[in-house]
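Engineer: This is the content of data_20.txt (compact mmCIF, C-alpha atoms):
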```
# COMPACT_ATOMS: atom_id res chain seq x y z
CA MET A 4 89.06 155.08 11.57
CA SER A 5 88.47 153.87 8.03
CA THR A 6 90.59 151.19 6.39
CA ASP A 7 91.19 153.67 3.54
CA ALA A 8 92.92 156.04 5.95
CA VAL A 9 95.15 153.25 7.28
CA HIS A 10 96.10 152.44 3.69
CA ASP A 11 96.52 156.04 2.47
CA LEU A 12 98.59 157.42 5.35
CA GLU A 13 102.06 156.15 4.50
CA THR A 14 104.62 158.34 6.27
CA LEU A 15 104.95 159.72 9.76
CA ARG A 16 104.33 163.15 8.26
CA ASP A 17 101.00 161.88 6.88
CA TRP A 18 99.96 160.53 10.26
CA LEU A 19 100.98 163.71 12.07
CA ARG A 20 98.94 165.87 9.71
CA TRP A 21 95.95 163.53 9.97
CA ALA A 22 96.10 163.42 13.78
CA VAL A 23 96.37 167.20 14.20
CA THR A 24 93.40 167.71 11.89
CA ARG A 25 91.24 165.12 13.65
CA PHE A 26 92.18 166.35 17.11
CA GLY A 27 91.08 169.82 16.11
CA GLU A 28 87.83 168.61 14.56
CA ALA A 29 87.04 166.61 17.69
CA LYS A 30 87.76 169.63 19.91
CA LEU A 31 89.89 167.58 22.27
CA ALA A 32 90.93 169.09 25.59
CA PHE A 33 94.61 169.18 26.49
CA GLY A 34 96.53 169.97 29.68
CA HIS A 35 97.87 166.56 30.71
CA GLY A 36 101.42 167.17 29.53
CA THR A 37 100.76 169.06 26.30
CA THR A 38 98.74 172.15 25.51
CA ASN A 39 97.86 171.77 21.83
CA ALA A 40 96.96 169.26 19.12
CA TYR A 41 100.33 169.32 17.35
CA ASP A 42 102.45 168.58 20.42
CA GLU A 43 100.09 165.87 21.60
CA ALA A 44 99.94 164.18 18.22
CA ALA A 45 103.73 164.27 17.87
CA TYR A 46 104.17 162.81 21.35
CA LEU A 47 101.71 159.97 20.80
CA LEU A 48 103.18 159.03 17.43
CA LEU A 49 106.80 159.09 18.60
CA HIS A 50 106.00 157.14 21.74
CA ALA A 51 104.01 154.49 19.89
CA LEU A 52 106.81 154.01 17.34
CA HIS A 53 109.50 153.88 20.06
CA LEU A 54 111.28 156.91 18.64
CA PRO A 55 113.13 159.62 20.63
CA LEU A 56 110.55 162.09 21.93
CA GLU A 57 112.80 165.07 21.22
CA ARG A 58 113.55 164.17 17.58
CA LEU A 59 110.62 164.32 15.20
CA ASP A 60 112.11 165.87 12.05
CA PRO A 61 114.51 163.06 11.04
CA PHE A 62 111.62 160.58 10.93
CA LEU A 63 108.87 162.61 9.24
CA ASP A 64 109.31 160.99 5.83
CA ALA A 65 109.76 157.46 7.13
CA ARG A 66 107.22 155.01 5.69
CA LEU A 67 105.36 152.98 8.25
CA THR A 68 104.65 149.27 8.11
CA HIS A 69 101.10 148.02 7.94
CA ALA A 70 101.31 146.79 11.53
CA GLU A 71 102.55 150.21 12.69
CA ARG A 72 99.70 151.94 10.87
CA GLN A 73 97.12 149.70 12.52
CA GLN A 74 98.69 150.35 15.93
CA LEU A 75 98.58 154.12 15.40
CA ALA A 76 95.00 153.97 14.15
CA GLN A 77 93.86 152.19 17.31
CA LEU A 78 95.79 154.55 19.58
CA LEU A 79 94.55 157.75 17.97
CA GLN A 80 90.99 156.46 17.79
CA ARG A 81 90.97 155.92 21.56
CA ARG A 82 92.22 159.45 22.06
CA ILE A 83 89.53 160.87 19.77
CA ASP A 84 86.49 158.68 20.45
CA GLN A 85 86.97 157.89 24.14
CA ARG A 86 88.80 161.12 25.06
CA VAL A 87 91.40 159.13 27.00
CA PRO A 88 94.25 161.46 28.07
CA ALA A 89 97.55 160.79 26.34
CA ALA A 90 99.29 159.91 29.61
CA TYR A 91 96.87 157.04 30.24
CA LEU A 92 97.36 155.79 26.68
CA THR A 93 101.16 155.74 27.00
CA ARG A 94 101.27 154.90 30.73
CA GLU A 95 103.76 157.68 31.37
CA ALA A 96 103.89 161.33 32.40
CA TRP A 97 106.74 163.78 32.69
CA LEU A 98 107.62 166.54 35.15
CA GLY A 99 110.71 168.20 33.72
CA ASP A 100 113.29 165.47 33.17
CA PHE A 101 111.50 163.02 35.48
CA ARG A 102 109.37 160.27 33.98
CA PHE A 103 106.62 158.58 36.00
CA TYR A 104 104.42 155.57 35.43
CA VAL A 105 100.73 156.50 35.56
CA ASP A 106 97.38 154.83 35.01
CA GLU A 107 93.75 155.57 35.83
CA ARG A 108 94.34 154.96 39.55
CA VAL A 109 96.12 158.31 39.90
CA LEU A 110 95.85 161.91 38.83
CA ILE A 111 98.12 162.63 35.89
CA PRO A 112 101.12 164.53 37.33
CA ARG A 113 100.97 168.27 36.78
CA SER A 114 101.97 170.56 39.59
CA PHE A 115 103.10 174.11 40.02
CA ILE A 116 105.05 172.91 43.06
CA ALA A 117 107.18 170.75 40.77
CA GLU A 118 108.31 173.93 39.04
CA LEU A 119 109.69 175.20 42.36
CA LEU A 120 112.03 172.24 42.80
CA PRO A 121 114.91 172.03 43.34
CA ASP A 122 115.74 175.74 43.80
CA GLY A 123 112.50 177.69 44.18
CA LEU A 124 112.30 177.27 47.96
CA ALA A 125 115.95 178.02 48.70
CA ALA A 126 115.26 181.59 49.80
CA TYR A 127 112.92 180.30 52.50
CA LEU A 128 114.54 177.01 53.53
CA GLY A 129 118.23 177.84 53.21
CA ASP A 130 120.71 175.03 52.63
CA ALA A 131 118.89 172.05 51.09
CA ALA A 132 121.32 169.69 52.81
CA GLN A 133 119.99 170.82 56.20
CA VAL A 134 116.42 169.74 55.48
CA ALA A 135 116.00 166.48 57.37
CA SER A 136 112.30 165.62 57.10
CA VAL A 137 109.65 166.32 54.46
CA LEU A 138 105.98 165.39 54.19
CA ASP A 139 104.11 165.14 50.87
CA LEU A 140 100.35 165.14 51.45
CA CYS A 141 98.16 163.72 48.65
CA THR A 142 101.12 162.14 46.91
CA GLY A 143 99.13 160.33 44.20
CA SER A 144 101.69 158.82 41.81
CA GLY A 145 104.50 159.79 44.19
CA CYS A 146 105.87 162.33 41.72
CA LEU A 147 106.37 165.21 44.17
CA ALA A 148 107.81 162.90 46.83
CA ILE A 149 110.42 161.75 44.31
CA LEU A 150 111.24 165.31 43.28
CA LEU A 151 111.52 166.27 46.95
CA ALA A 152 113.89 163.39 47.64
CA HIS A 153 116.14 164.63 44.85
CA ALA A 154 115.90 168.27 45.91
CA PHE A 155 116.71 167.53 49.57
CA PRO A 156 119.30 164.74 49.51
CA ALA A 157 119.57 164.38 53.29
CA ALA A 158 115.83 164.28 53.94
CA ASP A 159 113.56 161.40 54.77
CA VAL A 160 110.29 161.84 52.89
CA ASP A 161 106.90 160.65 54.08
CA ALA A 162 104.35 160.46 51.23
CA VAL A 163 100.68 160.21 52.13
CA ASP A 164 97.52 159.41 50.21
CA ILE A 165 94.02 158.27 51.12
CA SER A 166 93.89 155.90 48.14
CA SER A 167 95.55 152.51 48.45
CA GLU A 168 95.37 152.21 44.66
CA ALA A 169 97.29 155.46 44.23
CA LEU A 170 99.89 154.26 46.72
CA ALA A 171 100.43 151.12 44.64
CA VAL A 172 101.32 153.34 41.68
CA ALA A 173 103.52 155.50 43.90
CA GLN A 174 105.34 152.39 45.13
CA ARG A 175 106.16 151.46 41.55
CA ASN A 176 107.60 154.91 40.86
CA VAL A 177 109.54 155.02 44.12
CA SER A 178 111.05 151.62 43.28
CA ASP A 179 111.87 152.72 39.74
CA TYR A 180 113.93 155.59 41.17
CA GLY A 181 115.60 153.43 43.81
CA LEU A 182 114.23 155.54 46.67
CA ALA A 183 112.48 152.93 48.81
CA ASP A 184 114.98 153.56 51.62
CA ARG A 185 114.17 157.28 51.74
CA ILE A 186 110.48 157.58 50.82
CA ASN A 187 107.96 156.10 53.23
CA LEU A 188 104.48 155.62 51.73
CA LEU A 189 101.58 155.91 54.16
CA ARG A 190 97.83 155.53 53.73
CA SER A 191 96.07 158.36 55.51
CA ASP A 192 93.31 160.89 55.01
CA LEU A 193 95.66 163.90 55.18
CA PHE A 194 97.07 163.91 58.75
CA ALA A 195 94.51 161.53 60.27
CA ASN A 196 96.65 158.38 60.49
CA LEU A 197 100.09 159.92 60.80
CA PRO A 198 102.29 159.23 63.82
CA ASP A 199 103.49 162.19 65.89
CA LYS A 200 106.42 163.64 63.99
CA SER A 201 107.81 167.04 63.07
CA TYR A 202 108.71 168.06 59.54
CA ASP A 203 110.93 170.83 58.25
CA LEU A 204 108.73 171.08 55.15
CA ILE A 205 105.18 170.00 54.35
CA VAL A 206 104.01 170.24 50.75
CA SER A 207 100.61 169.39 49.36
CA ASN A 208 98.87 169.40 46.01
CA PRO A 209 95.43 168.48 47.40
CA PRO A 210 92.09 168.19 45.61
CA TYR A 211 91.03 171.79 44.92
CA VAL A 212 88.57 171.79 42.02
CA THR A 213 85.40 173.63 43.00
CA GLY A 214 81.97 172.05 42.75
CA THR A 215 81.03 174.23 39.78
CA ALA A 216 84.28 173.45 37.97
CA MET A 217 83.82 169.71 38.59
CA ASP A 218 80.49 169.89 36.77
CA GLU A 219 82.17 171.59 33.81
CA LEU A 220 85.26 169.38 33.45
CA PRO A 221 86.07 168.24 29.89
CA ALA A 222 85.67 164.54 29.18
CA GLU A 223 89.44 163.95 29.39
CA TYR A 224 89.52 164.98 33.04
CA ARG A 225 86.65 162.64 33.90
CA HIS A 226 88.98 159.69 33.31
CA GLU A 227 90.94 160.80 36.39
CA PRO A 228 89.89 159.77 39.92
CA ALA A 229 87.36 162.32 41.17
CA LEU A 230 88.75 161.83 44.69
CA ALA A 231 91.97 163.49 43.56
CA LEU A 232 90.18 166.47 42.01
CA ALA A 233 87.08 167.44 43.97
CA GLY A 234 87.75 170.01 46.68
CA GLY A 235 84.19 170.74 47.77
CA ASP A 236 81.95 173.65 46.87
CA ASP A 237 84.69 176.27 47.10
CA GLY A 238 87.64 173.96 46.49
CA LEU A 239 89.03 174.41 49.99
CA ASP A 240 87.80 171.37 51.94
CA ALA A 241 91.26 169.78 52.13
CA VAL A 242 93.02 173.12 52.52
CA ARG A 243 91.00 173.88 55.66
CA THR A 244 92.08 170.60 57.23
CA ILE A 245 95.70 171.25 56.26
CA MET A 246 95.66 174.74 57.76
CA ARG A 247 94.07 173.45 60.97
CA GLU A 248 96.30 170.41 61.50
CA ALA A 249 99.66 171.40 59.99
CA PRO A 250 101.13 173.19 63.06
CA ARG A 251 101.10 169.93 65.03
CA PHE A 252 103.39 168.37 62.42
CA LEU A 253 105.64 171.31 61.56
CA ALA A 254 108.97 171.82 63.33
CA PRO A 255 109.62 175.32 64.72
CA GLY A 256 110.36 177.48 61.71
CA GLY A 257 109.05 174.77 59.40
CA LEU A 258 107.35 175.64 56.13
CA LEU A 259 103.98 174.74 54.64
CA VAL A 260 103.64 174.90 50.83
CA VAL A 261 100.22 174.25 49.30
CA GLU A 262 98.95 174.36 45.73
CA ILE A 263 95.42 175.76 45.37
CA GLY A 264 94.93 176.25 41.62
CA HIS A 265 92.77 179.28 40.81
CA ASN A 266 91.43 179.65 44.35
CA ARG A 267 93.62 182.48 45.63
CA ASP A 268 90.69 184.84 46.19
CA ALA A 269 88.80 182.19 48.17
CA VAL A 270 91.90 181.43 50.27
CA GLU A 271 92.44 185.09 51.14
CA VAL A 272 88.77 185.51 52.06
CA ALA A 273 88.88 182.41 54.29
CA TRP A 274 92.06 183.57 56.10
CA PRO A 275 92.00 187.38 55.70
CA ARG A 276 94.74 188.21 58.22
CA THR A 277 97.21 185.53 57.17
CA PRO A 278 100.41 186.76 55.44
CA PHE A 279 100.41 184.31 52.54
CA VAL A 280 103.54 184.31 50.39
CA TRP A 281 102.50 183.56 46.81
CA LEU A 282 105.26 181.76 44.97
CA ASP A 283 106.03 182.49 41.33
CA THR A 284 106.52 179.53 39.04
CA GLY A 285 107.18 179.38 35.34
CA SER A 286 103.47 179.31 34.59
CA SER A 287 101.74 180.82 37.62
CA ALA A 288 102.07 183.64 40.12
CA ASP A 289 99.20 182.86 42.49
CA SER A 290 98.60 179.12 42.61
CA VAL A 291 100.99 178.10 45.41
CA PHE A 292 101.23 179.65 48.85
CA LEU A 293 103.92 179.38 51.50
CA LEU A 294 103.56 179.94 55.24
CA THR A 295 105.81 179.41 58.24
CA ARG A 296 104.58 177.29 61.11
CA GLU A 297 104.17 180.45 63.16
CA ASP A 298 101.97 182.05 60.47
CA VAL A 299 99.78 178.95 60.30
CA VAL A 300 99.38 178.93 64.11
CA ALA A 301 98.33 182.60 64.03
CA ALA A 302 95.82 181.86 61.25
CA ARG A 303 93.84 179.33 63.28
```
What is this structure when it is put down as structure tokens?

Structural biologist:
Amino acid sequence: MSTDAVHDLETLRDWLRWAVTRFGEAKLAFGHGTTNAYDEAAYLLLHALHLPLERLDPFLDARLTHAERQQLAQLLQRRIDQRVPAAYLTREAWLGDFRFYVDERVLIPRSFIAELLPDGLAAYLGDAAQVASVLDLCTGSGCLAILLAHAFPAADVDAVDISSEALAVAQRNVSDYGLADRINLLRSDLFANLPDKSYDLIVSNPPYVTGTAMDELPAEYRHEPALALAGGDDGLDAVRTIMREAPRFLAPGGLLVVEIGHNRDAVEVAWPRTPFVWLDTGSSADSVFLLTREDVVAAR
């Protein structure tokens, strides 16, 4: 970014306009918390200036100091030139009202399952207070485990990931929410290292990006750990293991909830006689399936 731009852009309004224009010219990809150039620019500017994220208008005509302009220039240049996702630049991501620390060791939180909590599973689970044990497979930053602990206040939550680096991030988030006594973090390749135990609910947002889609990912997504994205040629490598092993860990009548992205057709071809329940969320109607333990047993 030129020194002239740092000098000429005086107000927050100036910087917002400049950022939106440059984001568009650079054809940035979004989807890590925002969906368009305006929202992402506003978020980055407000965060960098330590202003309330929900209140842009009162500050639009505020003049920025020289130090603030230099800080913004460096931040926006990284977003444009290096295509670093906003969440990695700010070290935070949001799911609803929940804030999580994130860095390049974990996938940036975004999950259709999060949209189902706390009430979207009530019709299938009944009273949330009666849910005693929950397993979160592929926990990453620990975001779903934390949402599950809030949604099911009487439940102990086991949160599993194959990556020790991801679990270090999850530990930070679990500690931030004061849930270390209820969320147990475990290193395991799905079920491989888990002790014998039965769960009322197993949820998973596993790697499910197909081989073709991995090759076509925008640069922003290549900053994320490939281990957390790549699901094999058809995106179902982890899902097959989950379907095969889940009955051993589900209590009678227990539920399995799995996010599979855009792979519904592939799932229904792989298990053609299985009565999948596809759960509606605010932004999807066919990205999360639900099965009872008995349905999973019959599918094997």

Engineer: Rounded to one decimal place, report the atom CA of Ala301 of chain A-atom CA of Asp139 of chain A distance in Å.

Structural biologist: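 Going from atom CA of Ala301 of chain A over to atom CA of Asp139 of chain A, I get 22.6 Å.
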
Engineer: For a test of reading the model, state the distance in Å between atom CA of Leu253 of chain A and atom CA of Ser167 of chain A, rounded to one decimal.

Structural biologist: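 Result for atom CA of Leu253 of chain A versus atom CA of Ser167 of chain A: 25.0 Å, one decimal.
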
Engineer: Using all atoms listed in the file, pick whichever of A:Ala132, A:Pro198, A:Leu259, A:Gly264 has the shortest atom-to-atom distance to Val280 of chain A.

Structural biologist: A:Leu259

Engineer: Find the residue from A:Tyr41, A:Phe292, A:Tyr127, A:Phe33 that sits nearest to Glu271 of chain A; use all atoms listed in the file when measuring.

Structural biologist: A:Phe292

Engineer: One decimal, in Å: what's the spacing between atom CA of Asp289 of chain A and atom CA of Pro121 of chain A?

Structural biologist: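 Distance between the two atoms: 19.1 Å.
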
Engineer: Would you write out, as a Markdown table, a table of all residues in segment 167-257 of chain A that have an atom no more than 12 Å from an atom of segment 73-90 of chain A, listing for each the closest atom pair and the distance in Å to one decimal, considering all atoms listed in the file and ordering rows by chain and rising residue number?

Structural biologist:
```
| residue | atom | partner | partner_atom | distance |
| --- | --- | --- | --- | --- |
| A:Pro221 | CA | A:Arg86 | CA | 9.0 |
| A:Ala222 | CA | A:Arg86 | CA | 6.2 |
| A:Glu223 | CA | A:Arg86 | CA | 5.2 |
| A:Tyr224 | CA | A:Pro88 | CA | 7.7 |
| A:Arg225 | CA | A:Val87 | CA | 9.1 |
| A:His226 | CA | A:Val87 | CA | 6.8 |
| A:Glu227 | CA | A:Pro88 | CA | 9.0 |
```

Engineer: Applying 9 Å and only C-alpha atoms, which residues near segment 176-181 of chain A remain after dropping the ones on its own chain fewer than 2 positions away? List them as a list in words.

Structural biologist: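 Counting only the stated atoms, we get Arg102, Phe103, Tyr104, Val105, Ser144, Gly145, Cys146, Ala148, Ile149, Ala171, Val172, Ala173, Gln174, Ala183, Asp184, Arg185 and Ile186 of chain A.
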
Engineer: Taking all atoms listed in the file into account, which of A:Val299, A:Leu197, A:Pro209, A:Ala229 comes nearest Val261 of chain A?

Structural biologist: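 Between A:Val299, A:Leu197, A:Pro209, A:Ala229, the residue approaching Val261 of chain A most closely is A:Pro209.
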
Engineer: Residues near Arg190 of chain A, anyone? I mean within 6 Å using only C-alpha atoms, not counting same-chain ones fewer than 6 positions away, as a list in words.

Structural biologist: Val163, Asp164 and Ile165 of chain A

Engineer: Those same residues - C-alpha atoms - I'd like them written as a CSV table (one decimal), in the frame of the given file.

Structural biologist:
```csv
chain,number,residue,atom,x,y,z
A,163,VAL,CA,100.7,160.2,52.1
A,164,ASP,CA,97.5,159.4,50.2
A,165,ILE,CA,94.0,158.3,51.1
```

Engineer: Let me make sure I understand: among A:Gly143, A:Gly257, A:Gly99, A:Pro210, which one has the smallest atom-to-atom distance to Ile111 of chain A if we use all atoms listed in the file?

Structural biologist: A:Gly143

Engineer: Excluding Arg276 of chain A and any residue of its chain fewer than 3 positions from it, enumerate the residues within 12 Å of it, using all atoms listed in the file, and give them as a list in words.

Structural biologist: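 Using all atoms listed in the file, the neighbours found are Val270, Glu271, Val272, Ala273, Phe279, Asp298, Val299, Val300, Ala301, Ala302 and Arg303 of chain A.
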
Engineer: I'd like the neighbourhood of Thr244 of chain A as a compact mmCIF listing (two decimals) with C-alpha atoms, in the coordinates of the input, where a residue qualifies if any of its atoms comes within 12 Å (using all atoms listed in the file), though same-chain residues fewer than 2 positions away should be ignored.

Structural biologist:
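Result written to selection32.txt:
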```txt
# COMPACT_ATOMS: atom_id res chain seq x y z
CA LEU A 140 100.35 165.14 51.45
CA ASP A 192 93.31 160.89 55.01
CA LEU A 193 95.66 163.90 55.18
CA PHE A 194 97.07 163.91 58.75
CA ALA A 195 94.51 161.53 60.27
CA SER A 207 100.61 169.39 49.36
CA PRO A 209 95.43 168.48 47.40
CA PRO A 210 92.09 168.19 45.61
CA GLY A 234 87.75 170.01 46.68
CA LEU A 239 89.03 174.41 49.99
CA ASP A 240 87.80 171.37 51.94
CA ALA A 241 91.26 169.78 52.13
CA VAL A 242 93.02 173.12 52.52
CA MET A 246 95.66 174.74 57.76
CA ARG A 247 94.07 173.45 60.97
CA GLU A 248 96.30 170.41 61.50
CA ALA A 249 99.66 171.40 59.99
CA PRO A 250 101.13 173.19 63.06
CA ARG A 251 101.10 169.93 65.03
CA VAL A 261 100.22 174.25 49.30
CA VAL A 299 99.78 178.95 60.30
CA ARG A 303 93.84 179.33 63.28
```

Engineer: Pick the closest to Ala152 of chain A from A:Val9, A:Ala22, A:Ala126, A:Leu120: which is it, counting all atoms listed in the file?

Structural biologist: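 Of A:Val9, A:Ala22, A:Ala126, A:Leu120, the one nearest Ala152 of chain A is A:Leu120, counting all atoms listed in the file.
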
Engineer: Is it possible to get the axis-aligned box enclosing segment 276-291 of chain A (all listed atoms, 5 Å extra per side) as AutoDock Vina command-line options, with centre and edge lengths in Å rounded to one decimal?

Structural biologist:
```
--center_x 101.0 --center_y 183.2 --center_z 46.4 --size_x 22.4 --size_y 20.1 --size_z 33.6
```

Engineer: Taking (107.4, 177.8, 61.8) in the coordinates of the supplied file, I want to know which residues reach to within 6 Å of it, counting only C-alpha atoms; could you give the answer as a PyMOL selection string?

Structural biologist: chain A and resi 255-257+295-297

Engineer: If you keep C-alpha atoms, can you produce a file of those selected residues as an mmCIF file, in the coordinates of the input?

Structural biologist:
```cif
data_model
loop_
_atom_site.group_PDB
_atom_site.id
_atom_site.type_symbol
_atom_site.label_atom_id
_atom_site.label_comp_id
_atom_site.auth_asym_id
_atom_site.auth_seq_id
_atom_site.Cartn_x
_atom_site.Cartn_y
_atom_site.Cartn_z
ATOM 1 C CA PRO A 255 109.620 175.320 64.720
ATOM 2 C CA GLY A 256 110.360 177.480 61.710
ATOM 3 C CA GLY A 257 109.050 174.770 59.400
ATOM 4 C CA THR A 295 105.810 179.410 58.240
ATOM 5 C CA ARG A 296 104.580 177.290 61.110
ATOM 6 C CA GLU A 297 104.170 180.450 63.160
#
```

Engineer: Using only C-alpha atoms, pick whichever of A:His265, A:Arg72, A:Arg94, A:His153 has the shortest atom-to-atom distance to Leu19 of chain A.

Structural biologist: A:Arg72
